file query-v3.cif (mmCIF, C-alpha atoms)
data_work
#
loop_
_atom_site.label_atom_id
_atom_site.label_comp_id
_atom_site.auth_asym_id
_atom_site.auth_seq_id
_atom_site.Cartn_x
_atom_site.Cartn_y
_atom_site.Cartn_z
CA MET Y 5 -10.16 -15.42 -11.98
CA ILE Y 6 -10.76 -11.70 -11.49
CA ILE Y 7 -8.07 -9.05 -10.99
CA PRO Y 8 -6.88 -9.12 -7.33
CA VAL Y 9 -7.73 -6.00 -5.33
CA ARG Y 10 -4.16 -5.56 -4.09
CA CYS Y 11 -0.65 -6.54 -5.07
CA PHE Y 12 0.20 -9.90 -3.42
CA THR Y 13 3.63 -8.71 -2.31
CA CYS Y 14 3.38 -5.07 -1.21
CA GLY Y 15 -0.35 -4.44 -0.80
CA LYS Y 16 -0.71 -1.55 -3.21
CA VAL Y 17 -4.21 -1.29 -4.70
CA ILE Y 18 -3.99 -2.38 -8.34
CA GLY Y 19 -7.59 -3.53 -8.95
CA ASP Y 20 -8.72 -0.05 -10.02
CA LYS Y 21 -5.95 0.16 -12.62
CA TRP Y 22 -6.78 -3.06 -14.48
CA GLU Y 23 -9.54 -1.85 -16.79
CA GLU Y 24 -7.54 1.09 -18.11
CA PHE Y 25 -4.45 -1.10 -18.45
CA ALA Y 26 -6.31 -3.83 -20.35
CA LYS Y 27 -8.05 -1.34 -22.61
CA ARG Y 28 -4.91 0.56 -23.54
CA VAL Y 29 -2.76 -2.52 -24.08
CA LYS Y 30 -5.45 -4.05 -26.26
CA ALA Y 31 -5.47 -0.84 -28.30
CA GLY Y 32 -1.84 -1.53 -29.08
CA GLU Y 33 -0.02 0.67 -26.59
CA ASN Y 34 3.28 -0.43 -25.09
CA SER Y 35 2.53 -2.01 -21.70
CA LYS Y 36 5.66 -0.47 -20.13
CA LYS Y 37 4.38 2.99 -21.00
CA VAL Y 38 0.88 2.25 -19.66
CA LEU Y 39 2.27 0.94 -16.35
CA ASP Y 40 4.46 4.03 -15.97
CA ASP Y 41 1.48 6.29 -16.70
CA LEU Y 42 -0.64 4.49 -14.10
CA GLY Y 43 2.05 5.03 -11.46
CA VAL Y 44 2.79 1.34 -10.96
CA THR Y 45 6.51 1.58 -10.17
CA ARG Y 46 7.53 -1.57 -8.30
CA TYR Y 47 8.01 -4.81 -10.22
CA CYS Y 48 5.80 -6.75 -7.78
CA CYS Y 49 2.80 -4.61 -8.75
CA ARG Y 50 3.75 -4.54 -12.43
CA ARG Y 51 3.68 -8.33 -12.70
CA MET Y 52 0.20 -8.37 -11.14
CA LEU Y 53 -1.19 -6.48 -14.13
CA LEU Y 54 1.16 -7.87 -16.77
CA SER Y 55 0.53 -11.54 -16.00
CA HIS Y 56 -3.19 -11.36 -15.26
CA VAL Y 57 -5.78 -13.21 -17.34
CA GLU Y 58 -9.41 -12.31 -16.67
CA ILE Y 59 -10.88 -15.85 -16.65
CA ILE Y 60 -14.15 -14.73 -15.05
CA ASP Y 61 -15.22 -13.36 -18.45
CA GLU Y 62 -15.06 -16.91 -19.85
CA ILE Y 63 -16.97 -18.42 -16.91
CA ILE Y 64 -19.74 -15.81 -16.99
CA LYS Y 65 -20.64 -17.03 -20.52
CA PHE Y 66 -21.80 -20.39 -19.10
CA TYR Y 67 -24.28 -18.54 -16.90
CA GLU Y 68 -25.49 -16.26 -19.68
CA ARG Y 69 -26.39 -19.14 -22.00
CA PRO Y 70 -29.08 -20.91 -19.86
CA LYS Y 71 -30.91 -17.62 -19.38
CA ILE Y 72 -31.02 -16.96 -23.13
CA ASN Y 73 -32.11 -20.56 -23.80
CA LYS Y 74 -34.96 -20.21 -21.31
CA GLU Y 75 -36.14 -17.02 -22.97
CA GLU Y 76 -36.10 -18.73 -26.37
CA GLU Y 77 -38.17 -21.60 -24.98
CA ALA Y 78 -40.72 -19.20 -23.57
CA THR Y 79 -41.23 -17.42 -26.87
CA MET F 6 16.94 16.29 14.61
CA ASP F 7 16.53 17.72 11.13
CA ILE F 8 13.85 16.75 8.61
CA ASN F 9 13.93 17.60 4.91
CA ILE F 10 11.14 16.67 2.52
CA LEU F 11 12.54 15.46 -0.80
CA GLU F 12 9.24 14.91 -2.53
CA LYS F 13 5.61 14.74 -1.51
CA ASN F 14 2.34 14.10 -3.27
CA GLU F 15 -1.11 12.96 -2.24
CA GLU F 16 -0.21 9.37 -1.52
CA SER F 17 3.53 9.22 -0.91
CA ILE F 18 6.28 11.13 0.84
CA ARG F 19 10.08 10.87 0.74
CA LEU F 20 12.09 12.64 3.39
CA ILE F 21 15.55 12.76 4.93
CA VAL F 22 15.68 12.54 8.70
CA GLU F 23 18.99 13.48 10.27
CA GLY F 24 20.01 12.90 13.86
CA ILE F 25 18.20 9.65 14.67
CA ASN F 26 19.68 6.18 15.02
CA THR F 27 18.64 2.88 13.45
CA LEU F 28 16.64 1.90 16.55
CA MET F 29 14.43 4.96 16.29
CA ALA F 30 14.04 4.69 12.52
CA ASN F 31 13.05 1.03 12.75
CA THR F 32 10.65 1.70 15.63
CA ILE F 33 8.82 4.30 13.55
CA ARG F 34 8.69 1.94 10.57
CA ARG F 35 7.33 -0.94 12.63
CA LEU F 36 4.79 1.23 14.41
CA ILE F 37 3.47 2.48 11.07
CA LEU F 38 3.17 -1.06 9.72
CA THR F 39 1.59 -2.68 12.77
CA GLU F 40 0.05 -0.14 15.15
CA VAL F 41 -1.49 2.77 13.23
CA PRO F 42 -5.20 1.92 12.95
CA VAL F 43 -7.29 2.34 9.79
CA MET F 44 -10.78 1.30 8.74
CA ALA F 45 -11.45 -1.89 6.79
CA LEU F 46 -14.50 -4.03 6.15
CA ASP F 47 -14.38 -6.85 8.67
CA ASP F 48 -17.67 -8.70 9.28
CA ILE F 49 -19.65 -9.39 6.12
CA VAL F 50 -23.25 -10.56 6.29
CA MET F 51 -24.17 -12.30 3.03
CA ILE F 52 -27.89 -12.11 2.40
CA GLU F 53 -27.77 -13.31 -1.16
CA ASN F 54 -24.91 -14.22 -3.47
CA SER F 55 -25.56 -16.03 -6.73
CA SER F 56 -22.38 -14.78 -8.41
CA VAL F 57 -19.63 -17.12 -9.62
CA LEU F 58 -17.36 -16.06 -6.75
CA HIS F 59 -17.88 -17.90 -3.46
CA ASP F 60 -18.97 -15.96 -0.36
CA GLU F 61 -15.54 -16.13 1.30
CA ILE F 62 -13.68 -14.96 -1.80
CA LEU F 63 -16.02 -12.03 -2.20
CA ALA F 64 -15.69 -11.22 1.53
CA LEU F 65 -11.89 -11.27 1.26
CA ARG F 66 -11.98 -8.93 -1.71
CA LEU F 67 -14.28 -6.57 0.20
CA GLY F 68 -11.92 -6.60 3.17
CA LEU F 69 -8.97 -5.52 1.04
CA ILE F 70 -10.66 -2.35 -0.20
CA PRO F 71 -9.01 0.62 1.53
CA LEU F 72 -11.55 2.95 3.14
CA LYS F 73 -11.07 6.65 3.81
CA THR F 74 -10.68 6.72 7.57
CA ASP F 75 -11.89 9.27 10.06
CA LEU F 76 -9.67 8.42 13.04
CA ASP F 77 -11.15 11.02 15.38
CA ALA F 78 -14.77 9.85 15.01
CA TYR F 79 -14.26 6.13 15.69
CA ASN F 80 -12.84 3.99 18.50
CA LEU F 81 -10.97 0.74 18.23
CA PRO F 82 -13.57 -2.01 18.92
CA GLU F 83 -11.52 -3.41 21.84
CA LYS F 84 -11.32 0.05 23.43
CA CYS F 85 -14.95 1.01 22.79
CA SER F 86 -17.28 1.31 25.77
CA CYS F 87 -20.06 -0.71 24.08
CA LYS F 88 -18.27 -4.09 24.42
CA SER F 89 -20.74 -5.63 21.99
CA GLU F 90 -19.76 -8.11 19.31
CA LEU F 91 -21.19 -6.23 16.38
CA GLY F 92 -20.24 -2.82 17.77
CA CYS F 93 -22.03 0.47 18.15
CA HIS F 94 -22.07 3.68 16.10
CA LEU F 95 -18.81 4.73 17.80
CA CYS F 96 -16.79 1.74 16.65
CA ARG F 97 -18.28 0.54 13.38
CA THR F 98 -20.23 1.68 10.35
CA VAL F 99 -22.26 -0.32 7.86
CA LEU F 100 -21.80 -0.42 4.11
CA THR F 101 -24.38 -2.18 1.97
CA LEU F 102 -24.23 -3.64 -1.49
CA ASP F 103 -27.35 -4.49 -3.44
CA VAL F 104 -27.04 -5.23 -7.15
CA GLU F 105 -28.90 -7.36 -9.60
CA ALA F 106 -27.77 -7.84 -13.18
CA ASN F 107 -30.06 -7.58 -16.19
CA LYS F 108 -27.15 -7.73 -18.59
CA PRO F 109 -23.49 -8.75 -17.95
CA LEU F 110 -22.34 -6.33 -15.28
CA THR F 111 -19.23 -5.46 -13.30
CA VAL F 112 -19.76 -4.59 -9.63
CA TYR F 113 -17.36 -1.91 -8.41
CA SER F 114 -16.33 -0.69 -4.98
CA GLY F 115 -18.28 2.46 -5.87
CA ASN F 116 -21.51 0.43 -5.68
CA LEU F 117 -21.10 0.13 -1.91
CA VAL F 118 -23.49 2.45 -0.09
CA SER F 119 -22.10 3.77 3.18
CA GLU F 120 -24.05 4.73 6.28
CA ASP F 121 -21.39 7.35 7.09
CA PRO F 122 -20.55 9.62 4.12
CA HIS F 123 -16.97 10.04 5.44
CA ILE F 124 -16.22 6.31 5.35
CA VAL F 125 -16.13 5.46 1.64
CA PRO F 126 -13.80 3.37 -0.53
CA VAL F 127 -10.63 5.22 -1.56
CA SER F 128 -11.20 4.23 -5.17
CA GLU F 129 -14.58 3.74 -6.79
CA LYS F 130 -13.19 1.71 -9.67
CA ILE F 131 -12.03 -1.50 -7.96
CA PRO F 132 -13.87 -4.42 -9.62
CA LEU F 133 -15.37 -6.72 -6.98
CA VAL F 134 -17.13 -9.31 -9.10
CA LYS F 135 -18.73 -9.74 -12.51
CA LEU F 136 -22.34 -10.85 -12.76
CA ALA F 137 -24.16 -12.71 -15.51
CA PRO F 138 -27.81 -11.74 -16.25
CA GLY F 139 -30.09 -12.77 -13.38
CA GLN F 140 -27.33 -13.05 -10.78
CA LYS F 141 -27.72 -11.08 -7.58
CA ILE F 142 -25.64 -9.86 -4.66
CA ARG F 143 -27.01 -8.47 -1.42
CA LEU F 144 -24.78 -8.01 1.59
CA GLU F 145 -24.03 -5.90 4.63
CA ALA F 146 -20.43 -5.12 5.49
CA TYR F 147 -19.25 -3.80 8.84
CA ALA F 148 -16.28 -1.43 8.70
CA LYS F 149 -14.12 -1.34 11.82
CA LEU F 150 -10.84 0.14 12.92
CA GLY F 151 -8.03 -2.36 13.28
CA LYS F 152 -4.29 -2.78 13.41
CA GLY F 153 -1.80 -4.22 10.95
CA THR F 154 -0.72 -6.87 13.49
CA VAL F 155 -4.07 -8.59 13.07
CA HIS F 156 -4.44 -8.43 9.30
CA ALA F 157 -2.58 -6.63 6.48
CA LYS F 158 -5.85 -5.01 5.34
CA TRP F 159 -5.49 -2.72 8.36
CA GLN F 160 -2.09 -1.44 7.32
CA PRO F 161 -2.22 2.25 6.44
CA VAL F 162 0.69 1.94 3.99
CA SER F 163 1.54 -0.16 0.96
CA SER F 164 5.22 0.62 1.31
CA CYS F 165 7.13 1.96 4.30
CA THR F 166 10.92 1.83 4.08
CA TYR F 167 14.02 3.64 5.20
CA ARG F 168 17.56 3.45 3.90
CA TYR F 169 20.91 5.05 4.57
CA VAL F 170 21.84 8.39 3.06
CA PRO F 171 24.57 7.54 0.52
CA VAL F 172 27.86 9.38 0.18
CA VAL F 173 29.61 8.95 -3.19
CA LYS F 174 33.13 10.30 -3.65
CA ILE F 175 35.41 10.23 -6.69
CA ASP F 176 39.16 10.47 -6.11
CA LYS F 177 40.23 12.69 -9.02
CA THR F 178 43.87 11.60 -8.75
CA LYS F 179 42.97 7.94 -9.37
CA CYS F 180 40.22 8.46 -11.97
CA ASN F 181 41.30 7.76 -15.55
CA GLU F 182 37.99 9.03 -17.03
CA CYS F 183 37.05 5.63 -18.46
CA LYS F 184 33.32 6.47 -17.92
CA GLU F 185 32.63 2.86 -17.01
CA CYS F 186 30.83 3.97 -13.85
CA ILE F 187 28.37 6.10 -15.86
CA ARG F 188 27.50 3.10 -18.01
CA ILE F 189 27.06 0.58 -15.19
CA CYS F 190 25.19 2.64 -12.56
CA PRO F 191 21.52 1.50 -12.46
CA LYS F 192 20.37 4.76 -10.87
CA ARG F 193 22.36 7.20 -13.06
CA VAL F 194 24.24 8.72 -10.17
CA PHE F 195 27.20 9.83 -12.32
CA GLU F 196 27.27 12.35 -15.11
CA GLU F 197 29.81 13.57 -17.63
CA THR F 198 30.48 17.30 -17.80
CA LYS F 199 33.29 18.71 -19.97
CA GLY F 200 34.90 15.28 -20.30
CA LYS F 201 35.06 14.75 -16.53
CA VAL F 202 33.05 12.27 -14.46
CA ARG F 203 31.05 13.96 -11.74
CA VAL F 204 28.57 12.86 -9.06
CA ALA F 205 25.26 14.34 -10.19
CA ASN F 206 22.55 12.52 -8.31
CA GLU F 207 24.06 11.30 -5.05
CA ILE F 208 20.78 10.78 -3.19
CA GLU F 209 19.56 8.16 -5.69
CA CYS F 210 22.56 5.86 -5.03
CA ILE F 211 21.50 2.48 -3.63
CA LEU F 212 25.03 1.55 -2.51
CA CYS F 213 25.08 -1.47 -4.84
CA GLY F 214 28.82 -1.09 -5.40
CA ASP F 215 28.77 -1.88 -9.13
CA CYS F 216 30.65 1.34 -9.91
CA VAL F 217 33.40 0.51 -7.42
CA GLU F 218 33.93 -2.86 -9.10
CA ALA F 219 33.74 -1.48 -12.63
CA CYS F 220 36.36 1.11 -11.78
CA ASN F 221 40.05 0.20 -11.68
CA LYS F 222 40.00 -3.09 -9.70
CA ASN F 223 43.06 -2.66 -7.49
CA GLN F 224 42.67 0.98 -6.56
CA SER F 225 39.13 2.12 -7.21
CA ALA F 226 38.68 5.85 -7.60
CA ILE F 227 35.10 5.68 -6.32
CA LYS F 228 34.34 5.41 -2.65
CA LEU F 229 30.86 4.63 -1.32
CA ASP F 230 29.89 5.35 2.24
CA LYS F 231 26.76 6.00 4.28
CA LYS F 232 26.09 9.01 6.42
CA GLN F 233 25.92 8.22 10.12
CA ASN F 234 22.53 8.72 11.83
CA SER F 235 20.70 9.86 8.71
CA PHE F 236 17.92 8.04 6.91
CA ILE F 237 15.80 8.45 3.82
CA PHE F 238 12.22 7.49 4.64
CA TYR F 239 9.75 6.52 1.96
CA ILE F 240 6.10 6.10 2.88
CA GLU F 241 3.33 5.26 0.45
CA SER F 242 -0.19 5.45 1.84
CA THR F 243 -3.02 3.24 0.61
CA GLY F 244 -5.15 6.39 0.62
CA ALA F 245 -6.91 5.57 3.90
CA LEU F 246 -5.01 8.28 5.78
CA PRO F 247 -2.91 11.23 4.57
CA VAL F 248 0.83 10.42 4.78
CA GLU F 249 1.64 13.10 7.35
CA ARG F 250 -1.18 11.83 9.57
CA ILE F 251 0.33 8.32 9.46
CA PHE F 252 3.65 9.70 10.72
CA TYR F 253 1.94 11.74 13.38
CA GLU F 254 -0.15 8.82 14.62
CA SER F 255 2.88 6.50 14.82
CA LEU F 256 4.72 9.03 17.00
CA LYS F 257 1.65 9.47 19.19
CA ILE F 258 1.48 5.70 19.73
CA TYR F 259 5.21 5.68 20.50
CA GLU F 260 4.68 8.34 23.16
CA GLU F 261 1.74 6.44 24.67
CA LYS F 262 3.80 3.26 24.89
CA ILE F 263 6.73 5.01 26.56
CA LEU F 264 4.47 6.79 29.07
CA ASP F 265 2.74 3.50 29.84
CA PHE F 266 6.14 1.87 30.37
CA ILE F 267 7.22 4.62 32.78
CA SER F 268 4.03 4.46 34.84
CA GLN F 269 4.23 0.65 35.05
CA LEU F 270 7.86 0.91 36.14
CA GLU F 271 7.06 3.43 38.85
CA MET F 272 4.25 1.23 40.13
CA ALA F 273 6.51 -1.82 40.25
CA ILE F 274 9.20 0.13 42.13
CA ASN F 275 6.64 1.42 44.65
CA VAL F 276 5.34 -2.08 45.30
CA SER F 277 8.82 -3.54 45.80
CA GLU F 278 9.76 -0.69 48.19
CA LYS F 279 6.65 -1.27 50.29
CA THR F 280 7.25 -5.00 50.61
CA SER F 281 10.95 -4.71 51.47
#
call {"tool": "encode", "arguments": {"input": "query-v3.cif", "output": "structure tokens"}}
result
Amino acid sequence: MIIPVRCFTCGKVIGDKWEEFAKRVKAGENSKKVLDDLGVTRYCCRRMLLSHVEIIDEIIKFYERPKINKEEEAT
Amino acid sequence: MDINILEKNEESIRLIVEGINTLMANTIRRLILTEVPVMALDDIVMIENSSVLHDEILALRLGLIPLKTDLDAYNLPEKCSCKSELGCHLCRTVLTLDVEANKPLTVYSGNLVSEDPHIVPVSEKIPLVKLAPGQKIRLEAYAKLGKGTVHAKWQPVSSCTYRYVPVVKIDKTKCNECKECIRICPKRVFEETKGKVRVANEIECILCGDCVEACNKNQSAIKLDKKQNSFIFYIESTGALPVERIFYESLKIYEEKILDFISQLEMAINVSEKTS
């Protein structure tokens, strides 16, 4: 749903690296290079970032919509 | 005993320790993993949570945030004189979180407001939850010292390992300079200089034995061995404590345990002598 705070296997904090990782990979950078830059060396931590999908962004939209609808009704 | 630091930075250290046996090395490793205390958020009081994450998921995420720990200022709750469930100022500190979203918003570990300015999250950029407009989170979180035996959030390290010091030898009389070992070695231990194969990076060898097999099958020119009573330690801190402090604390705990053992033994001997 949202990026885990720590690596499931070793316990290294990877949550704070997600936003930079996602931004740079989306900009077209090679994900291997980004992971190396971020200091994520073990493959357990690398898969945490590589395989993550931020589903919470999709769910939030369902909660944004009713609010906007209500505002439209009021005006 | 001889200690050499191979590399050291803010969060990790790699060193060679000579003159200790496996028992000692493993004791230190296990003490670091299970006995060295650090701070972590433990009790969470949810006042309001209308986010899409359930209370318990949010509480678990909060618990996993590493906090910068001041070991000298706080007691372990079980050793504190207050004996109260929620603790006193000597064994816990309170962090609060109070956010309301007007537009889509990410809540970070940096949004936590600490009562004690020394006890703060190691990183301010850990996303905790995302809020849609109108959603609210209000909570109180109690940070306490704890040990890795109880929960992994109280481990001071994310990686704590030791391995043997490798010894790589090439028998020049048997080597036919096929360079196969250079190609197959995953850690690039071998190097070619002036047409000859040479051991360039011995310490990186992981003793996998691929080079021995790739070499002439029947009489391999390469011999792998491990140094007796020497270990390469690698410790990677979560940031809660400096790496050298983790080492120091583990040895202090070791000493306490041994002294406790001796005093208990003496007491038991005294009792048995009196009764006999």
call {"tool": "interface_residues", "arguments": {"input": "query-v3.cif", "of": "chain Y", "to": "chain F", "cutoff": "10 Å", "atoms": "all atoms listed in the file", "output": "JSON, numbers by chain"}}
result
{"Y": [5, 6, 7, 8, 9, 10, 11, 13, 14, 15, 16, 17, 18, 19, 20, 21, 22, 23, 60, 61, 63, 64, 65, 66, 67, 68, 69, 70, 71, 72]}
call {"tool": "resolve_selection", "arguments": {"input": "query-v3.cif", "expression": "the PyMOL selection byres ((chain Y and resi 39) around 12)", "output": "PyMOL selection string"}}
result
chain Y and resi 18+21-22+24-26+28-29+33-38+40-47+49-54
call {"tool": "resolve_selection", "arguments": {"input": "query-v3.cif", "expression": "the PyMOL selection byres ((chain F and resi 204) around 12)", "output": "ChimeraX atom specification"}}
result
/F:171-177,184,186-187,190,192-198,201-203,205-210,216,227-229
call {"tool": "write_last_selection", "arguments": {"input": "query-v3.cif", "atoms": "C-alpha atoms", "output": "PDB file, keeping the file's coordinate frame"}}
result
ATOM      1  CA  PRO F 171      24.570   7.540   0.520  1.00  0.00           C
ATOM      2  CA  VAL F 172      27.860   9.380   0.180  1.00  0.00           C
ATOM      3  CA  VAL F 173      29.610   8.950  -3.190  1.00  0.00           C
ATOM      4  CA  LYS F 174      33.130  10.300  -3.650  1.00  0.00           C
ATOM      5  CA  ILE F 175      35.410  10.230  -6.690  1.00  0.00           C
ATOM      6  CA  ASP F 176      39.160  10.470  -6.110  1.00  0.00           C
ATOM      7  CA  LYS F 177      40.230  12.690  -9.020  1.00  0.00           C
ATOM      8  CA  LYS F 184      33.320   6.470 -17.920  1.00  0.00           C
ATOM      9  CA  CYS F 186      30.830   3.970 -13.850  1.00  0.00           C
ATOM     10  CA  ILE F 187      28.370   6.100 -15.860  1.00  0.00           C
ATOM     11  CA  CYS F 190      25.190   2.640 -12.560  1.00  0.00           C
ATOM     12  CA  LYS F 192      20.370   4.760 -10.870  1.00  0.00           C
ATOM     13  CA  ARG F 193      22.360   7.200 -13.060  1.00  0.00           C
ATOM     14  CA  VAL F 194      24.240   8.720 -10.170  1.00  0.00           C
ATOM     15  CA  PHE F 195      27.200   9.830 -12.320  1.00  0.00           C
ATOM     16  CA  GLU F 196      27.270  12.350 -15.110  1.00  0.00           C
ATOM     17  CA  GLU F 197      29.810  13.570 -17.630  1.00  0.00           C
ATOM     18  CA  THR F 198      30.480  17.300 -17.800  1.00  0.00           C
ATOM     19  CA  LYS F 201      35.060  14.750 -16.530  1.00  0.00           C
ATOM     20  CA  VAL F 202      33.050  12.270 -14.460  1.00  0.00           C
ATOM     21  CA  ARG F 203      31.050  13.960 -11.740  1.00  0.00           C
ATOM     22  CA  ALA F 205      25.260  14.340 -10.190  1.00  0.00           C
ATOM     23  CA  ASN F 206      22.550  12.520  -8.310  1.00  0.00           C
ATOM     24  CA  GLU F 207      24.060  11.300  -5.050  1.00  0.00           C
ATOM     25  CA  ILE F 208      20.780  10.780  -3.190  1.00  0.00           C
ATOM     26  CA  GLU F 209      19.560   8.160  -5.690  1.00  0.00           C
ATOM     27  CA  CYS F 210      22.560   5.860  -5.030  1.00  0.00           C
ATOM     28  CA  CYS F 216      30.650   1.340  -9.910  1.00  0.00           C
ATOM     29  CA  ILE F 227      35.100   5.680  -6.320  1.00  0.00           C
ATOM     30  CA  LYS F 228      34.340   5.410  -2.650  1.00  0.00           C
ATOM     31  CA  LEU F 229      30.860   4.630  -1.320  1.00  0.00           C
TER      32      LEU F 229
END
call {"tool": "closest_residue", "arguments": {"input": "query-v3.cif", "among": "F:Trp159, F:Leu256, F:Gln224, F:Tyr147", "to": "F:Glu90", "atoms": "all atoms listed in the file"}}
result
F:Tyr147
call {"tool": "atom_distance", "arguments": {"input": "query-v3.cif", "atom1": "atom CA of F:Arg35", "atom2": "atom CA of F:Arg19"}}
result
17.0 Å
call {"tool": "closest_residue", "arguments": {"input": "query-v3.cif", "among": "F:Thr154, F:Tyr239, F:Glu182, F:Phe252", "to": "F:Thr39", "atoms": "all atoms listed in the file"}}
result
F:Thr154
call {"tool": "residues_around", "arguments": {"input": "query-v3.cif", "residues": "F:Tyr79", "least_positions_apart": "3", "cutoff": "10 Å", "atoms": "only C-alpha atoms", "output": "list in words"}}
result
Val43, Met44, Thr74, Asp75, Leu76, Pro82, Cys85, Cys93, His94, Leu95, Cys96, Arg97, Thr98, Lys149 and Leu150 of chain F
call {"tool": "atom_distance", "arguments": {"input": "query-v3.cif", "atom1": "atom CA of F:Glu185", "atom2": "atom CA of F:Cys220"}}
result
6.7 Å
call {"tool": "axis_aligned_box", "arguments": {"input": "query-v3.cif", "around": "stretch 30-46 of chain Y", "padding_each_side": "5 Å", "output": "lines of an AutoDock Vina configuration file"}}
result
center_x = 1.0
center_y = 1.1
center_z = -18.7
size_x = 23.0
size_y = 20.3
size_z = 30.8
call {"tool": "atom_distance", "arguments": {"input": "query-v3.cif", "atom1": "atom CA of F:Ala146", "atom2": "atom CA of F:Lys88"}}
result
19.1 Å
call {"tool": "build_atoms", "arguments": {"input": "query-v3.cif", "residues": "stretch 169-181 of chain F", "atoms": "N, CA, C and O atoms", "output": "PDB file, keeping the file's coordinate frame"}}
result
ATOM      1  N   TYR F 169      19.852   4.115   4.191  1.00  0.00           N
ATOM      2  CA  TYR F 169      20.910   5.050   4.570  1.00  0.00           C
ATOM      3  C   TYR F 169      21.039   6.163   3.540  1.00  0.00           C
ATOM      4  O   TYR F 169      20.743   5.976   2.364  1.00  0.00           O
ATOM      5  N   VAL F 170      21.532   7.299   3.985  1.00  0.00           N
ATOM      6  CA  VAL F 170      21.840   8.390   3.060  1.00  0.00           C
ATOM      7  C   VAL F 170      23.216   8.092   2.462  1.00  0.00           C
ATOM      8  O   VAL F 170      24.196   7.977   3.178  1.00  0.00           O
ATOM      9  N   PRO F 171      23.297   7.929   1.126  1.00  0.00           N
ATOM     10  CA  PRO F 171      24.570   7.540   0.520  1.00  0.00           C
ATOM     11  C   PRO F 171      25.539   8.711   0.377  1.00  0.00           C
ATOM     12  O   PRO F 171      25.122   9.861   0.227  1.00  0.00           O
ATOM     13  N   VAL F 172      26.825   8.385   0.450  1.00  0.00           N
ATOM     14  CA  VAL F 172      27.860   9.380   0.180  1.00  0.00           C
ATOM     15  C   VAL F 172      28.753   8.794  -0.910  1.00  0.00           C
ATOM     16  O   VAL F 172      29.359   7.735  -0.721  1.00  0.00           O
ATOM     17  N   VAL F 173      28.820   9.451  -2.068  1.00  0.00           N
ATOM     18  CA  VAL F 173      29.610   8.950  -3.190  1.00  0.00           C
ATOM     19  C   VAL F 173      30.745   9.933  -3.444  1.00  0.00           C
ATOM     20  O   VAL F 173      30.506  11.135  -3.625  1.00  0.00           O
ATOM     21  N   LYS F 174      31.971   9.415  -3.431  1.00  0.00           N
ATOM     22  CA  LYS F 174      33.130  10.300  -3.650  1.00  0.00           C
ATOM     23  C   LYS F 174      34.000   9.752  -4.775  1.00  0.00           C
ATOM     24  O   LYS F 174      34.254   8.544  -4.835  1.00  0.00           O
ATOM     25  N   ILE F 175      34.471  10.638  -5.650  1.00  0.00           N
ATOM     26  CA  ILE F 175      35.410  10.230  -6.690  1.00  0.00           C
ATOM     27  C   ILE F 175      36.773  10.849  -6.374  1.00  0.00           C
ATOM     28  O   ILE F 175      36.883  12.063  -6.172  1.00  0.00           O
ATOM     29  N   ASP F 176      37.787   9.980  -6.328  1.00  0.00           N
ATOM     30  CA  ASP F 176      39.160  10.470  -6.110  1.00  0.00           C
ATOM     31  C   ASP F 176      39.723  10.876  -7.472  1.00  0.00           C
ATOM     32  O   ASP F 176      40.016  10.029  -8.312  1.00  0.00           O
ATOM     33  N   LYS F 177      39.835  12.181  -7.694  1.00  0.00           N
ATOM     34  CA  LYS F 177      40.230  12.690  -9.020  1.00  0.00           C
ATOM     35  C   LYS F 177      41.630  12.215  -9.420  1.00  0.00           C
ATOM     36  O   LYS F 177      41.932  12.054 -10.602  1.00  0.00           O
ATOM     37  N   THR F 178      42.485  11.993  -8.426  1.00  0.00           N
ATOM     38  CA  THR F 178      43.870  11.600  -8.750  1.00  0.00           C
ATOM     39  C   THR F 178      43.926  10.181  -9.306  1.00  0.00           C
ATOM     40  O   THR F 178      44.788   9.851 -10.103  1.00  0.00           O
ATOM     41  N   LYS F 179      42.955   9.326  -8.907  1.00  0.00           N
ATOM     42  CA  LYS F 179      42.970   7.940  -9.370  1.00  0.00           C
ATOM     43  C   LYS F 179      42.105   7.724 -10.604  1.00  0.00           C
ATOM     44  O   LYS F 179      42.240   6.721 -11.305  1.00  0.00           O
ATOM     45  N   CYS F 180      41.180   8.648 -10.878  1.00  0.00           N
ATOM     46  CA  CYS F 180      40.220   8.460 -11.970  1.00  0.00           C
ATOM     47  C   CYS F 180      40.906   8.637 -13.327  1.00  0.00           C
ATOM     48  O   CYS F 180      41.598   9.640 -13.550  1.00  0.00           O
ATOM     49  N   ASN F 181      40.704   7.628 -14.213  1.00  0.00           N
ATOM     50  CA  ASN F 181      41.300   7.760 -15.550  1.00  0.00           C
ATOM     51  C   ASN F 181      40.245   8.109 -16.605  1.00  0.00           C
ATOM     52  O   ASN F 181      40.479   7.953 -17.795  1.00  0.00           O
TER      53      ASN F 181
END
